[in-house]
$ cat input.txt   # compact mmCIF, C-alpha atoms
# COMPACT_ATOMS: atom_id res chain seq x y z
CA MET A 1 0.00 0.00 0.00
CA GLN A 2 1.36 3.40 -0.85
CA LYS A 3 -0.37 5.38 1.86
CA VAL A 4 -3.46 5.29 3.96
CA HIS A 5 -5.87 8.17 4.05
CA THR A 6 -6.36 9.58 7.49
CA ASP A 7 -8.40 12.65 6.64
CA VAL A 8 -12.01 11.68 6.30
CA VAL A 9 -15.14 13.75 5.92
CA ASP A 10 -18.02 13.04 8.25
CA TYR A 11 -20.67 15.18 6.60
CA ILE A 12 -21.45 16.71 3.21
CA ASN A 13 -23.76 19.68 2.92
CA LEU A 14 -24.64 21.55 -0.22
CA ILE A 15 -24.62 25.28 0.54
CA GLU A 16 -25.94 28.22 -1.41
CA LEU A 17 -23.05 30.66 -1.61
CA LYS A 18 -24.86 33.99 -1.68
CA GLU A 19 -26.56 33.75 1.71
CA GLY A 20 -24.98 30.64 3.18
CA LEU A 21 -28.13 28.53 3.29
CA THR A 22 -28.29 24.74 3.34
CA LEU A 23 -29.61 23.39 0.06
CA ALA A 24 -29.10 19.70 0.66
CA GLN A 25 -27.51 17.20 2.98
CA PHE A 26 -25.94 13.90 2.11
CA LYS A 27 -27.05 11.04 4.32
CA PRO A 28 -27.54 7.93 2.18
CA ILE A 29 -24.69 6.03 3.82
CA GLU A 30 -23.29 5.65 7.27
CA PRO A 31 -20.79 5.80 8.82
CA PHE A 32 -19.67 8.98 7.16
CA ASP A 33 -16.04 8.11 6.61
CA VAL A 34 -16.05 9.84 3.28
CA LEU A 35 -12.68 9.95 1.54
CA HIS A 36 -13.46 11.51 -1.81
CA VAL A 37 -16.07 13.95 -3.04
CA GLU A 38 -15.84 14.36 -6.78
CA VAL A 39 -18.29 16.72 -8.45
CA GLU A 40 -19.24 15.38 -11.85
CA GLY A 41 -22.13 17.69 -12.57
CA GLU A 42 -24.78 19.84 -10.93
CA LYS A 43 -26.81 16.77 -10.03
CA SER A 44 -24.12 14.16 -9.84
CA VAL A 45 -21.49 13.89 -7.16
CA LEU A 46 -19.26 10.86 -6.76
CA VAL A 47 -18.55 9.95 -3.17
CA SER A 48 -16.24 7.24 -1.92
CA ALA A 49 -16.49 6.03 1.64
CA ASP A 50 -15.14 3.25 3.78
CA TYR A 51 -17.39 0.18 3.88
CA SER A 52 -19.56 1.53 1.06
CA GLY A 53 -17.35 1.89 -2.00
CA VAL A 54 -18.25 4.46 -4.63
CA ILE A 55 -21.66 6.10 -4.60
CA MET A 56 -23.38 8.49 -6.96
CA TRP A 57 -25.42 11.16 -5.15
CA ASN A 58 -27.92 13.30 -7.05
CA THR A 59 -27.47 16.29 -4.65
CA THR A 60 -31.23 16.42 -4.14
CA ASP A 61 -32.40 13.40 -2.17
CA LYS A 62 -30.99 13.38 1.31
CA TYR A 63 -31.17 9.66 1.91
CA VAL A 64 -30.96 8.31 -1.61
CA TYR A 65 -28.11 7.44 -3.90
CA ASN A 66 -28.41 6.71 -7.59
CA TRP A 67 -26.10 3.74 -7.47
CA LYS A 68 -23.40 2.16 -5.39
CA ILE A 69 -20.41 0.11 -6.47
CA LYS A 70 -19.20 -2.05 -3.66
CA MET A 71 -15.44 -1.88 -3.86
CA ALA A 72 -12.45 -1.19 -1.64
CA THR A 73 -12.12 2.51 -0.99
CA PRO A 74 -9.86 3.84 -3.71
CA LEU A 75 -6.71 5.83 -3.16
CA TYR A 76 -7.77 8.31 -5.83
CA LEU A 77 -11.04 8.99 -7.59
CA THR A 78 -11.31 11.29 -10.60
CA SER A 79 -14.28 12.14 -12.75
CA GLY A 80 -13.71 12.43 -16.45
CA GLY A 81 -17.19 13.75 -17.16
CA PHE A 82 -19.36 12.34 -19.94
CA GLY A 83 -20.23 9.32 -17.85
CA ASN A 84 -16.69 8.26 -17.05
CA ALA A 85 -14.51 8.16 -13.98
CA ILE A 86 -11.47 6.26 -12.83
CA ALA A 87 -10.50 4.95 -9.44
CA ILE A 88 -6.98 3.97 -8.44
CA ALA A 89 -6.79 1.28 -5.80
CA LYS A 90 -4.74 1.57 -2.63
CA ASP A 91 -1.97 -0.48 -4.22
CA ALA A 92 -1.49 2.65 -6.41
CA ILE A 93 -1.20 0.39 -9.47
CA THR A 94 -4.64 -0.96 -10.23
CA VAL A 95 -6.88 1.45 -12.09
CA THR A 96 -10.59 0.87 -12.56
CA GLY A 97 -12.80 2.49 -15.16
CA ILE A 98 -16.31 3.39 -13.99
CA ASP A 99 -19.38 4.04 -16.09
CA THR A 100 -20.94 6.77 -13.96
CA LYS A 101 -24.25 6.72 -15.81
CA LEU A 102 -24.91 3.07 -15.06
CA GLY A 103 -22.81 2.67 -11.96
CA LEU A 104 -20.73 -0.16 -13.37
CA VAL A 105 -17.08 -1.05 -13.39
CA ASN A 106 -16.33 -1.43 -17.06
CA ARG A 107 -12.64 -2.26 -17.11
CA GLU A 108 -9.53 -2.63 -15.05
CA ALA A 109 -5.84 -2.21 -15.86
CA LYS A 110 -2.44 -1.86 -14.27
CA LEU A 111 -0.54 1.39 -14.39
CA PRO A 112 3.08 1.23 -15.57
CA GLY A 113 4.20 2.54 -12.18
CA ARG A 114 2.74 3.41 -8.81
CA ALA A 115 0.55 6.48 -8.91
CA LEU A 116 2.02 9.42 -7.02
CA GLY A 117 -1.02 11.67 -7.07
CA LYS A 118 -4.62 12.14 -8.03
CA PRO A 119 -5.27 11.85 -11.76
CA TYR A 120 -6.18 15.11 -13.46
CA TYR A 121 -8.67 14.95 -16.29
CA PHE A 122 -8.05 17.25 -19.22
CA GLY A 123 -8.83 17.01 -22.91
CA SER A 124 -10.26 13.46 -22.80
CA LEU A 125 -7.23 12.09 -20.96
CA TYR A 126 -6.36 11.42 -17.34
CA TYR A 127 -2.91 12.74 -16.51
CA ILE A 128 -1.31 10.67 -13.76
CA PRO A 129 2.08 11.16 -12.14
CA VAL A 130 3.59 7.73 -11.61
CA GLU A 131 7.02 6.74 -10.37
CA GLY A 132 9.52 8.01 -12.89
CA SER A 133 7.09 9.46 -15.38
CA LEU A 134 3.95 11.37 -16.17
CA ILE A 135 1.43 9.36 -18.15
CA ALA A 136 -1.88 10.13 -19.79
CA ILE A 137 -4.48 7.39 -20.13
CA ASP A 138 -7.78 7.40 -21.97
CA ASN A 139 -11.17 6.08 -20.91
CA GLU A 140 -10.13 2.66 -22.19
CA LEU A 141 -7.33 2.86 -19.60
CA LYS A 142 -4.72 2.67 -22.34
CA VAL A 143 -1.57 4.74 -21.97
CA GLN A 144 -1.67 7.33 -24.71
CA LYS A 145 1.25 9.45 -23.60
CA ARG A 146 4.22 8.91 -21.38
CA TYR A 147 6.98 11.28 -20.42
CA ALA A 148 9.94 10.18 -18.31
CA LEU A 149 10.64 12.34 -15.29
CA THR A 150 13.31 10.61 -13.25
CA ALA A 151 13.00 13.07 -10.39
CA LEU A 152 9.35 12.22 -9.85
CA LYS A 153 9.19 10.75 -6.36
CA GLY A 154 6.81 11.38 -3.50
CA ASP A 155 3.29 12.77 -3.79
CA PHE A 156 2.42 15.09 -6.64
CA THR A 157 -0.58 17.12 -7.65
CA THR A 158 -1.10 17.44 -11.39
CA MET A 159 -2.70 20.52 -12.90
CA VAL A 160 -3.17 21.63 -16.49
CA MET A 161 -3.34 25.39 -16.80
CA ARG A 162 -3.59 27.05 -20.16
CA ASP A 163 -0.95 25.36 -22.31
CA TYR A 164 1.12 23.92 -19.51
CA ILE A 165 1.20 20.95 -17.17
CA TYR A 166 2.27 21.56 -13.60
CA LEU A 167 3.40 18.90 -11.17
CA ILE A 168 3.46 20.13 -7.61
CA GLY A 169 5.07 18.05 -4.89
CA SER A 170 5.96 18.82 -1.31
CA ASP A 171 9.33 20.31 -2.28
CA THR A 172 9.18 20.73 -6.03
CA VAL A 173 7.18 22.46 -8.73
CA ILE A 174 7.70 21.28 -12.31
CA LYS A 175 6.33 23.10 -15.33
CA LEU A 176 6.01 21.22 -18.61
CA SER A 177 4.73 22.17 -21.99
CA GLN A 178 1.81 19.97 -23.01
CA PHE A 179 2.39 16.82 -24.94
CA MET B 1 27.08 7.99 -57.43
CA ARG B 2 27.82 5.13 -55.04
CA LYS B 3 28.64 7.62 -52.29
CA LEU B 4 25.33 9.40 -52.92
CA ILE B 5 23.39 6.10 -52.65
CA ILE B 6 25.17 5.17 -49.43
CA THR B 7 24.44 8.60 -48.00
CA ALA B 8 20.79 8.26 -49.01
CA LEU B 9 20.66 4.81 -47.42
CA LEU B 10 22.19 6.14 -44.21
CA ILE B 11 19.59 8.91 -44.10
CA CYS B 12 16.82 6.35 -44.65
CA ILE B 13 18.21 4.12 -41.89
CA ALA B 14 18.51 7.07 -39.53
CA LEU B 15 14.93 8.13 -40.25
CA SER B 16 13.65 4.59 -39.80
CA PHE B 17 15.22 4.46 -36.34
CA HIS B 18 13.90 7.78 -35.16
CA GLY B 19 10.65 7.92 -37.13
CA PRO B 20 8.55 11.02 -36.87
CA ALA B 21 9.50 12.95 -33.77
CA ALA B 22 7.18 12.01 -30.93
CA ALA B 23 5.54 15.01 -29.34
CA ALA B 24 7.30 15.19 -26.01
CA PRO B 25 6.75 17.91 -23.48
CA ALA B 26 9.56 20.26 -22.72
CA GLU B 27 10.51 20.52 -19.10
CA LEU B 28 10.39 24.30 -18.84
CA TRP B 29 11.56 24.67 -15.28
CA VAL B 30 11.85 22.95 -11.94
CA ALA B 31 11.58 25.04 -8.77
CA SER B 32 12.56 23.80 -5.32
CA VAL B 33 10.50 25.13 -2.43
CA ARG B 34 10.51 23.31 0.89
CA GLY B 35 7.31 22.14 2.56
CA ILE B 36 4.59 22.89 0.03
CA VAL B 37 1.15 22.07 1.44
CA SER B 38 -1.13 24.15 -0.77
CA HIS B 39 -0.96 26.05 -4.04
CA ALA B 40 -2.99 28.42 -6.18
CA PHE B 41 -2.62 29.72 -9.70
CA LEU B 42 -2.76 33.44 -10.43
CA PRO B 43 -4.26 35.01 -13.55
CA ASP B 44 -0.78 35.79 -14.90
CA SER B 45 0.23 32.10 -14.51
CA GLY B 46 2.20 32.72 -11.36
CA ILE B 47 1.82 30.17 -8.56
CA ALA B 48 1.28 30.98 -4.91
CA LEU B 49 2.57 28.31 -2.56
CA ALA B 50 1.93 27.69 1.10
CA ALA B 51 5.31 26.41 2.22
CA GLY B 52 6.21 26.16 5.88
CA ASN B 53 5.57 29.49 7.57
CA SER B 54 5.60 31.38 4.29
CA VAL B 55 3.55 32.21 1.27
CA VAL B 56 5.87 32.10 -1.74
CA LEU B 57 4.95 33.46 -5.14
CA LEU B 58 6.64 31.99 -8.19
CA GLY B 59 6.41 33.88 -11.45
CA ASN B 60 5.52 32.05 -14.64
CA ASP B 61 9.26 31.63 -15.21
CA GLY B 62 9.57 29.63 -11.97
CA LYS B 63 11.52 32.34 -10.19
CA GLN B 64 10.46 33.62 -6.79
CA LYS B 65 8.81 37.03 -6.97
CA TRP B 66 8.12 37.51 -3.30
CA SER B 67 7.70 35.72 -0.02
CA TRP B 68 5.59 36.63 3.00
CA SER B 69 6.14 35.08 6.41
CA ALA B 70 3.36 34.44 8.91
CA GLY B 71 5.49 33.25 11.80
CA SER B 72 3.54 29.97 11.98
CA PRO B 73 2.64 27.31 9.43
CA ILE B 74 0.48 28.37 6.53
CA GLY B 75 -2.42 25.97 5.96
CA PHE B 76 -3.93 27.05 2.65
CA VAL B 77 -3.48 29.59 -0.13
CA THR B 78 -5.83 30.69 -2.85
CA ALA B 79 -5.94 33.60 -5.26
CA ASP B 80 -8.54 35.82 -6.91
CA MET B 81 -8.84 37.03 -10.48
CA ALA B 82 -7.21 40.36 -9.53
CA GLY B 83 -4.00 38.59 -8.52
CA ALA B 84 -4.46 38.96 -4.76
CA VAL B 85 -3.40 35.99 -2.64
CA TYR B 86 -5.28 34.78 0.44
CA ALA B 87 -3.77 32.52 3.06
CA THR B 88 -4.77 30.93 6.34
CA TYR B 89 -2.58 30.20 9.33
CA SER B 90 -3.39 29.59 12.97
CA ASN B 91 -6.83 31.21 13.28
CA ARG B 92 -6.12 33.98 10.78
CA LEU B 93 -7.04 34.80 7.19
CA VAL B 94 -4.80 37.27 5.38
CA LYS B 95 -4.99 39.02 2.04
CA LEU B 96 -1.72 39.76 0.28
CA GLY B 97 -1.55 42.18 -2.60
CA ALA B 98 0.01 41.36 -5.94
CA ASN B 99 3.29 42.74 -4.52
CA GLY B 100 3.20 40.38 -1.54
CA LYS B 101 2.35 43.08 1.00
CA LEU B 102 -0.25 42.45 3.69
CA VAL B 103 -3.56 44.12 2.82
CA TRP B 104 -5.69 42.89 5.73
CA GLU B 105 -5.88 40.21 8.38
CA LYS B 106 -9.03 38.70 9.91
CA SER B 107 -9.93 36.12 12.51
CA THR B 108 -11.32 32.76 11.41
CA PHE B 109 -12.25 31.76 15.00
CA ASP B 110 -10.24 28.55 14.76
CA LYS B 111 -7.91 26.65 12.46
CA ALA B 112 -9.11 26.66 8.85
CA TYR B 113 -9.93 23.34 7.21
CA ALA B 114 -10.38 24.78 3.73
CA LEU B 115 -9.97 28.00 1.73
CA ASP B 116 -11.29 28.97 -1.67
CA VAL B 117 -12.37 31.91 -3.80
CA MET B 118 -15.71 31.48 -5.56
CA GLU B 119 -18.50 33.72 -6.77
CA GLY B 120 -16.69 36.85 -5.67
CA GLY B 121 -16.21 35.69 -2.10
CA ILE B 122 -13.45 34.19 -0.01
CA PHE B 123 -14.69 31.07 1.75
CA VAL B 124 -13.06 29.63 4.84
CA GLY B 125 -14.13 26.24 6.14
CA TRP B 126 -13.54 25.38 9.77
CA GLU B 127 -14.64 22.67 12.18
CA TYR B 128 -18.16 23.97 12.73
CA GLY B 129 -18.97 25.43 9.36
CA LEU B 130 -18.07 27.97 6.77
CA MET B 131 -17.65 31.72 6.54
CA LYS B 132 -17.67 34.09 3.61
CA PHE B 133 -15.60 37.26 3.35
CA ASP B 134 -15.60 39.87 0.62
CA ALA B 135 -12.41 41.16 -1.01
CA ASP B 136 -12.23 43.95 1.57
CA GLY B 137 -12.21 41.50 4.44
CA ASN B 138 -15.80 42.06 5.55
CA LEU B 139 -17.45 38.96 7.00
CA LEU B 140 -20.60 38.48 4.91
CA TRP B 141 -22.03 35.43 6.60
CA GLU B 142 -21.25 32.54 8.89
CA TYR B 143 -22.69 29.12 8.29
CA TYR B 144 -22.88 26.64 11.11
CA ARG B 145 -23.37 23.04 10.15
CA PRO B 146 -26.77 21.70 11.15
CA GLU B 147 -26.85 19.75 14.39
CA ASP B 148 -27.92 16.54 12.68
CA CYS B 149 -24.71 16.33 10.65
$ encode --input "input.txt" --output "structure tokens"
Amino acid sequence: MQKVHTDVVDYINLIELKEGLTLAQFKPIEPFDVLHVEVEGEKSVLVSADYSGVIMWNTTDKYVYNWKIKMATPLYLTSGGFGNAIAIAKDAITVTGIDTKLGLVNREAKLPGRALGKPYYFGSLYYIPVEGSLIAIDNELKVQKRYALTALKGDFTTMVMRDYIYLIGSDTVIKLSQF
Amino acid sequence: MRKLIITALLICIALSFHGPAAAAPAELWVASVRGIVSHAFLPDSGIALAAGNSVVLLGNDGKQKWSWSAGSPIGFVTADMAGAVYATYSNRLVKLGANGKLVWEKSTFDKAYALDVMEGGIFVGWEYGLMKFDADGNLLWEYYRPEDC
């Protein structure tokens, strides 16, 4: 296992930003050891929680979820929009493709190295920092791009801003042109 | 003529090995900053970093433009569209101007759990809820999580 999450969320409220009013509360599962909240759309929020797996909440019904996939809580969960998401298991190697419209696991693959950070979805690809390189995989979980970065160790956040890719670690910021 | 053919063959062999150049990203710069825990992008592509007790601003060339020290660990940074940087530390929220100078400082009651700029407001999450400030540091509202959470 690469690392174990210790920060968990015990409640999710949807708040109107102008006046600070509660619009909705999330209560379809308990206990509320929520590890990931991934907004896919206005009425679709992916939630992963211990003992429950991955759940799709419609942001409207307090006690109802659209679907639930019983699986081990992933290390990372990233929505790709358009009915797709990926989850990376706690081994940091196994990646699962999720059909978020149907709530089904549609494929599974192994990454070429251990994931070092949350995948970042941009331009129909998931950019993932893995040991020794930055890769980009598609919704079929096939590696479409790979760029060797020998200094890539530790945890990294990936961001795509304008025409550049940024990798931000605890002691390093790397700026790349897109590929 | 033979020399020309050999040269042509060598060029063909060289091309067959390398093929069309794969589109590889250029590594434009690498910056070393100790203890990064949070980051935010500015409109001019600069990056504000919460690193140790300081907020560090890197320009889009990766070079440090300024640094501001809080005296205790910075928890979060964010930035607005005007290029101002907001940071939380201890139970404080600060606004730093585009030059890195302190503009204002406000209490957040307790340690911040989250910080973001949205819809023209600066939002600070803490243990019992959320608060919204405007760009001048005025507290617009406080939200306390419902008791049944």
$ interface_residues --input "input.txt" --of "chain B" --to "chain A" --cutoff "7 Å" --atoms "only C-alpha atoms" --output "number ranges by chain"
B: 23-37, 141, 143, 149
$ atom_distance --input "input.txt" --atom1 "CA of Ala49 (chain A)" --atom2 "CA of Ala89 (chain A)"
13.1 Å
$ closest_residue --input "input.txt" --among "A:Ile93, A:Leu125, A:Val8, A:Ile86" --to "Gln144 (chain A)" --atoms "all atoms listed in the file"
A:Leu125
$ atom_distance --input "input.txt" --atom1 "CA of Ser69 (chain B)" --atom2 "CA of Asn138 (chain B)"
23.0 Å
$ closest_residue --input "input.txt" --among "A:Thr78, A:Thr94, A:Ser48, A:Asn58" --to "Phe122 (chain A)" --atoms "only C-alpha atoms"
A:Thr78
$ residues_around --input "input.txt" --residues "Glu119 (chain B)" --least-positions-apart "2" --cutoff "12 Å" --atoms "all atoms listed in the file" --output "PyMOL selection string"
(chain A and resi 16-19) or (chain B and resi 80-81+116-117+121-123+132-135)
$ residues_near_point --input "input.txt" --point "(-7.5, 3.8, -13.5)" --cutoff "10 Å" --atoms "only C-alpha atoms" --output "count of residues only"
30
$ atom_distance --input "input.txt" --atom1 "CA of Glu147 (chain B)" --atom2 "CA of Gly129 (chain B)"
10.9 Å
$ closest_residue --input "input.txt" --among "B:Glu105, B:Asp61, B:Asp44, B:Asp110" --to "Leu139 (chain B)" --atoms "all atoms listed in the file"
B:Glu105
$ residues_around --input "input.txt" --residues "Val124 (chain B)" --least-positions-apart "3" --cutoff "6 Å" --atoms "all atoms listed in the file" --output "list in words"
Ala114, Leu115, Leu130 and Met131 of chain B
$ residues_around --input "input.txt" --residues "Ala50 (chain B)" --least-positions-apart "2" --cutoff "8 Å" --atoms "only C-alpha atoms" --output "compact mmCIF listing (two decimals) with C-alpha atoms, in the frame of the given file"
# COMPACT_ATOMS: atom_id res chain seq x y z
CA GLY B 35 7.31 22.14 2.56
CA ILE B 36 4.59 22.89 0.03
CA VAL B 37 1.15 22.07 1.44
CA SER B 38 -1.13 24.15 -0.77
CA HIS B 39 -0.96 26.05 -4.04
CA ALA B 48 1.28 30.98 -4.91
CA GLY B 52 6.21 26.16 5.88
CA ASN B 53 5.57 29.49 7.57
CA SER B 54 5.60 31.38 4.29
CA VAL B 55 3.55 32.21 1.27
CA VAL B 56 5.87 32.10 -1.74
CA ILE B 74 0.48 28.37 6.53
CA GLY B 75 -2.42 25.97 5.96
CA PHE B 76 -3.93 27.05 2.65
CA VAL B 77 -3.48 29.59 -0.13
CA ALA B 87 -3.77 32.52 3.06
$ residues_around --input "input.txt" --residues "Thr108 (chain B)" --least-positions-apart "3" --cutoff "8 Å" --atoms "all atoms listed in the file" --output "number ranges by chain"
B: 91-93, 111-112, 124, 126
$ residues_around --input "input.txt" --residues "Trp104 (chain B)" --least-positions-apart "5" --cutoff "8 Å" --atoms "all atoms listed in the file" --output "PyMOL selection string"
chain B and resi 94-96+136-137
$ closest_residue --input "input.txt" --among "A:Met56, A:Thr100, A:His36, A:Val45" --to "Pro74 (chain A)" --atoms "all atoms listed in the file"
A:His36
